[in-house]
Structures are given as structure tokens and as C-alpha cells.
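A short write-up of the structure that comes next.
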Amino acid sequence: PKSAPSSSRQQLYLDYGQKDFAKQLECAICGMRYVQNEPKDVAAHQKHHQRVVNGAPMRECAAEKVVSRRGKARILVVDASSADSQTRRVAQAQACMAASLGGFALPNDYRAFLAVSDDARLIGCVIAHPLQAAYYTKPPVEGSEVIHRDELPRRAACGVSPVWVAAPFRRQGFGR
């Protein structure tokens, strides 16, 4: 006869009716929900909160292509054919952006512009990709929320989507 697989079950909590048992909080600054008395949740929140407030850590490396400087930040360009160390930076930026803007897929022919502060923190990102044509959008008809596009395509050189700047650095021109 086959023996049943042993499962190590461990009780992690005892619920004695505590008022704050498994109480979820939502941080007003970073928007993350976490359980206040769970050390792993609190630690994950603190890490996420620091990324949102101060920007994700992004050390300088030899392969980066600096295209501009803006105040106390350097603007880097990374595309799909860049070195792995650079494309990992875009993945990091994509994770930060997804926390604020929701998830999105990178186009195969993307070009990312990363704003990195002098203290090695990601403070902004713009994703661009080549386009042949684009459509103007029409404002919604009164009483409707549906947005329509113009029927005629217009010539376009590139599309820009999305644009993200870490909250403490907004209104300082990094999204331009």
C-alpha cells in the first residue's frame, strides 16, 4: 500500500478574538496593503515604501549610455539590444512603474529613458517605441465615458507610453 505523503502543517496564528488580528492596513503614501502585525509583511512594506519614496536603487555601471543631465540626475537610454545589465534596469523600472500605473508589456523595439539621481536612485522612466501612424482621440460625447479615435491615421515617428516619475520628484521636469 502507498503511504500518504507527509505534510508538515504548522499553525502560524492563534485567533483569540484580538481586535488587530490580521488587520490589513493601506499605506497612504505608497498604496501598499499589508498586515500590521506580520513581520514579513511589515518588512516588505518598508522595502516597497522606500522604493516609492526614494526611488529604486540603481548603481552606476560602465555599460550605461548617458544622453543628458537634468539637475542632479543623469538620463540614460536603454533599448532591447542593450547589455543584460541595462535591460535588467528596465525590468526594475517596469516593476516600479507597475506599482503606480498598473502592469504593461514592453514593445519589442522599445527605447527606455531612465532618470537616475546622483545618489543612484531611479526617479523616472519613459518608454518610447517607433510608430508609422497614430490616431487623434476625440473627447467623449456629453453624458458618455467612451473615447473615440479619429478615422484618419496621422504620420508619427514614435509613441510614448508610459511616463512615470517617483512621487517626490514630480513637478521638477523629469517627465519632459
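All residue names refer to the C-alpha cells as shown: chains lettered A, B, ... in order, residues numbered from 1 in each chain, ligands numbered from 1 in order.
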Q: Please provide as a list of chain:residue names all residues within 12 Å of Ala91 (chain A), with the sequence filter that same-chain residues fewer than 5 positions apart are discarded (counting only C-alpha atoms).
A: A:Ala56, A:Met58, A:Val78, A:Asp79, A:Ala80, A:Asp84, A:Ser85, A:Gln86, A:Cys96, A:Met97, A:Ala98, A:Gly103, A:Phe104, A:Ala105, A:Leu106, A:Ala112, A:Leu114, A:Leu122, A:Cys125, A:Ile127
Just-selected residues, C-alpha atoms written as a JSON list (two decimals), in the first residue's frame:
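New file part-v5.json:
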```
[["chain", "number", "residue", "atom", "x", "y", "z"],
["A", 56, "ALA", "CA", 14.63, 52.20, -6.67],
["A", 58, "MET", "CA", 20.27, 51.85, -9.41],
["A", 78, "VAL", "CA", 18.41, 51.60, -22.82],
["A", 79, "ASP", "CA", 16.93, 49.59, -25.68],
["A", 80, "ALA", "CA", 16.14, 45.94, -26.26],
["A", 84, "ASP", "CA", 21.83, 42.45, -19.95],
["A", 85, "SER", "CA", 22.85, 44.68, -17.05],
["A", 86, "GLN", "CA", 20.97, 47.54, -18.72],
["A", 96, "CYS", "CA", 8.27, 50.44, -10.07],
["A", 97, "MET", "CA", 6.01, 51.80, -12.79],
["A", 98, "ALA", "CA", 3.58, 48.90, -12.46],
["A", 103, "GLY", "CA", 1.16, 46.32, -15.43],
["A", 104, "PHE", "CA", 2.11, 46.74, -19.07],
["A", 105, "ALA", "CA", 4.11, 44.88, -21.69],
["A", 106, "LEU", "CA", 7.24, 46.33, -23.23],
["A", 112, "ALA", "CA", 13.64, 53.42, -22.29],
["A", 114, "LEU", "CA", 15.73, 56.37, -17.21],
["A", 122, "LEU", "CA", 15.65, 55.62, -10.19],
["A", 125, "CYS", "CA", 11.22, 56.46, -16.72],
["A", 127, "ILE", "CA", 9.17, 54.12, -22.60]]
```
(Q) I'd like the contact shell of Gln36 (chain A) - 8 Å cut-off, only C-alpha atoms, skipping same-chain residues fewer than 3 positions apart - returned as a list in words. (A)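 The filter keeps Ala22, Lys23, Gln24, Leu25, Pro39, Asp41 and Val42 of chain A.
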Save the residues we just selected, C-alpha atoms, as a PDB file, in the first residue's frame?
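Generated file (selection-v4.pdb):
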```
ATOM      1  CA  ALA A  22      -4.667  40.013  10.677  1.00  0.00           C
ATOM      2  CA  LYS A  23      -5.753  43.622  10.278  1.00  0.00           C
ATOM      3  CA  GLN A  24      -4.756  44.933   6.870  1.00  0.00           C
ATOM      4  CA  LEU A  25      -3.560  48.479   6.501  1.00  0.00           C
ATOM      5  CA  PRO A  39       6.911  40.881  10.426  1.00  0.00           C
ATOM      6  CA  ASP A  41       4.574  41.929   5.611  1.00  0.00           C
ATOM      7  CA  VAL A  42       5.900  44.916   7.557  1.00  0.00           C
TER       8      VAL A  42
END
```
(Q) Could you list, as a list in words, every residue within 9 Å of Ile29 (chain A), counting only C-alpha atoms and ignoring same-chain residues fewer than 3 positions away? (A) Glu26, Met32, His49, Val52 and Val53 of chain A
Q. Taking the backbone alone, and naming residues the way the document does, which bits of region 5-174 of chain A are alpha helix (DSSP H) by DSSP, as an NGL selection string?
A. :A and (39-54 or 84-101)
Take the residues from that selection and write them out as a short mmCIF file (atom, residue, chain, number, x, y, z; two decimals), in the first residue's frame, keeping N, CA, C and O atoms.
```cif
data_model
loop_
_atom_site.label_atom_id
_atom_site.label_comp_id
_atom_site.auth_asym_id
_atom_site.auth_seq_id
_atom_site.Cartn_x
_atom_site.Cartn_y
_atom_site.Cartn_z
N PRO A 39 5.58 40.32 10.69
CA PRO A 39 6.91 40.88 10.43
C PRO A 39 7.33 40.85 8.96
O PRO A 39 7.91 41.81 8.46
N LYS A 40 7.02 39.77 8.23
CA LYS A 40 7.40 39.70 6.82
C LYS A 40 6.64 40.73 6.00
O LYS A 40 7.20 41.34 5.09
N ASP A 41 5.37 40.93 6.32
CA ASP A 41 4.57 41.93 5.61
C ASP A 41 5.09 43.33 5.91
O ASP A 41 5.19 44.17 5.01
N VAL A 42 5.39 43.60 7.16
CA VAL A 42 5.90 44.92 7.56
C VAL A 42 7.23 45.19 6.86
O VAL A 42 7.46 46.28 6.33
N ALA A 43 8.12 44.19 6.82
CA ALA A 43 9.41 44.35 6.16
C ALA A 43 9.22 44.59 4.66
O ALA A 43 9.89 45.45 4.07
N ALA A 44 8.31 43.84 4.02
CA ALA A 44 8.04 44.02 2.59
C ALA A 44 7.47 45.41 2.34
O ALA A 44 7.84 46.07 1.36
N HIS A 45 6.61 45.88 3.24
CA HIS A 45 6.06 47.23 3.09
C HIS A 45 7.16 48.27 3.21
O HIS A 45 7.23 49.21 2.43
N GLN A 46 8.02 48.12 4.20
CA GLN A 46 9.09 49.12 4.38
C GLN A 46 9.99 49.19 3.15
O GLN A 46 10.36 50.28 2.71
N LYS A 47 10.32 48.04 2.59
CA LYS A 47 11.17 48.00 1.39
C LYS A 47 10.46 48.68 0.22
O LYS A 47 11.04 49.52 -0.48
N HIS A 48 9.18 48.32 0.00
CA HIS A 48 8.41 48.92 -1.09
C HIS A 48 8.25 50.43 -0.87
O HIS A 48 8.40 51.23 -1.80
N HIS A 49 7.96 50.82 0.36
CA HIS A 49 7.75 52.23 0.70
C HIS A 49 9.01 53.05 0.39
O HIS A 49 8.91 54.13 -0.19
N GLN A 50 10.17 52.52 0.75
CA GLN A 50 11.43 53.22 0.47
C GLN A 50 11.65 53.38 -1.02
O GLN A 50 12.14 54.42 -1.48
N ARG A 51 11.30 52.35 -1.81
CA ARG A 51 11.44 52.45 -3.27
C ARG A 51 10.54 53.54 -3.82
O ARG A 51 10.92 54.28 -4.71
N VAL A 52 9.30 53.61 -3.31
CA VAL A 52 8.36 54.60 -3.80
C VAL A 52 8.80 56.00 -3.39
O VAL A 52 8.80 56.93 -4.20
N VAL A 53 9.20 56.17 -2.15
CA VAL A 53 9.57 57.49 -1.64
C VAL A 53 10.92 57.96 -2.20
O VAL A 53 11.06 59.09 -2.63
N ASN A 54 11.91 57.08 -2.20
CA ASN A 54 13.27 57.49 -2.59
C ASN A 54 13.68 57.04 -3.98
O ASN A 54 14.75 57.39 -4.45
N ASP A 84 22.76 43.03 -20.94
CA ASP A 84 21.83 42.45 -19.95
C ASP A 84 21.74 43.30 -18.69
O ASP A 84 20.66 43.44 -18.11
N SER A 85 22.86 43.86 -18.27
CA SER A 85 22.85 44.68 -17.05
C SER A 85 21.92 45.89 -17.23
O SER A 85 21.28 46.33 -16.28
N GLN A 86 21.83 46.39 -18.45
CA GLN A 86 20.97 47.54 -18.72
C GLN A 86 19.50 47.13 -18.86
O GLN A 86 18.62 47.82 -18.36
N THR A 87 19.25 46.01 -19.53
CA THR A 87 17.85 45.58 -19.68
C THR A 87 17.26 45.17 -18.33
O THR A 87 16.06 45.30 -18.13
N ARG A 88 18.11 44.71 -17.40
CA ARG A 88 17.62 44.43 -16.04
C ARG A 88 17.16 45.72 -15.37
O ARG A 88 16.22 45.71 -14.58
N ARG A 89 17.83 46.83 -15.68
CA ARG A 89 17.41 48.13 -15.13
C ARG A 89 16.01 48.49 -15.62
O ARG A 89 15.20 49.02 -14.88
N VAL A 90 15.74 48.19 -16.89
CA VAL A 90 14.41 48.47 -17.43
C VAL A 90 13.37 47.60 -16.73
O VAL A 90 12.28 48.07 -16.41
N ALA A 91 13.71 46.35 -16.45
CA ALA A 91 12.79 45.47 -15.73
C ALA A 91 12.52 46.02 -14.33
O ALA A 91 11.38 45.98 -13.84
N GLN A 92 13.55 46.56 -13.68
CA GLN A 92 13.38 47.19 -12.37
C GLN A 92 12.45 48.39 -12.48
O GLN A 92 11.56 48.58 -11.66
N ALA A 93 12.68 49.21 -13.49
CA ALA A 93 11.85 50.39 -13.70
C ALA A 93 10.41 49.98 -13.98
O ALA A 93 9.47 50.59 -13.47
N GLN A 94 10.24 48.93 -14.79
CA GLN A 94 8.91 48.45 -15.12
C GLN A 94 8.16 48.02 -13.86
O GLN A 94 6.97 48.29 -13.71
N ALA A 95 8.86 47.39 -12.92
CA ALA A 95 8.23 46.97 -11.66
C ALA A 95 7.79 48.19 -10.85
O ALA A 95 6.70 48.20 -10.27
N CYS A 96 8.64 49.22 -10.80
CA CYS A 96 8.27 50.44 -10.07
C CYS A 96 7.08 51.12 -10.73
O CYS A 96 6.17 51.59 -10.06
N MET A 97 7.09 51.16 -12.06
CA MET A 97 6.01 51.80 -12.79
C MET A 97 4.70 51.04 -12.61
O MET A 97 3.64 51.65 -12.47
N ALA A 98 4.78 49.72 -12.60
CA ALA A 98 3.58 48.90 -12.46
C ALA A 98 2.89 49.14 -11.13
O ALA A 98 1.66 49.07 -11.05
N ALA A 99 3.67 49.44 -10.09
CA ALA A 99 3.07 49.71 -8.78
C ALA A 99 2.16 50.94 -8.83
O ALA A 99 1.14 50.99 -8.15
N SER A 100 2.52 51.93 -9.64
CA SER A 100 1.72 53.15 -9.75
C SER A 100 0.72 53.12 -10.89
O SER A 100 -0.39 53.62 -10.76
N LEU A 101 1.14 52.57 -12.03
CA LEU A 101 0.34 52.68 -13.25
C LEU A 101 -0.37 51.40 -13.66
O LEU A 101 -1.15 51.41 -14.59
#
```
Q. Of the candidates A:Ile123, A:Ala134, A:Arg154, A:Ile147, which shows the shortest atom-to-atom distance to Ala167 (chain A), using only C-alpha atoms?
A.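 Checking each of A:Ile123, A:Ala134, A:Arg154, A:Ile147 against Ala167 (chain A), counting only C-alpha atoms, the winner is A:Ile123.
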Q) Residues at most 10 Å from Arg59 (chain A), counting only C-alpha atoms, excluding those fewer than 6 positions away in the same chain, as JSON, numbers by chain? A) {"A": [89, 116, 117, 118, 119, 120, 121, 122]}
Q.
Residues of region 4-157 of chain A classed as strand (DSSP E or B) by DSSP on the backbone are to be reported as a PyMOL selection string.
A. chain A and resi 24-26+33-35+56-57+65-70+73-79+111-117+121-130+133-134+137-138+148-149+154-155
Q.
So that I can see what lies close to Phe113 (chain A), please list as a list in words the residues with an atom at most 6 Å from it, counting only C-alpha atoms and leaving out residues fewer than 5 positions away in the same chain.
A.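 Here the answer would be Leu76, Val77, Cys125 and Val126 of chain A.
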Export N, CA and C atoms of the chosen residues as a tab-separated table (two decimals), in the first residue's frame?
```tsv
chain	number	residue	atom	x	y	z
A	76	LEU	N	19.59	58.19	-18.84
A	76	LEU	CA	20.18	57.07	-19.55
A	76	LEU	C	19.22	56.57	-20.60
A	77	VAL	N	19.76	56.00	-21.68
A	77	VAL	CA	18.91	55.37	-22.68
A	77	VAL	C	19.27	53.89	-22.73
A	125	CYS	N	11.04	57.31	-15.54
A	125	CYS	CA	11.22	56.46	-16.72
A	125	CYS	C	10.18	56.81	-17.77
A	126	VAL	N	10.62	56.82	-19.03
A	126	VAL	CA	9.74	57.00	-20.18
A	126	VAL	C	10.05	55.86	-21.13
```
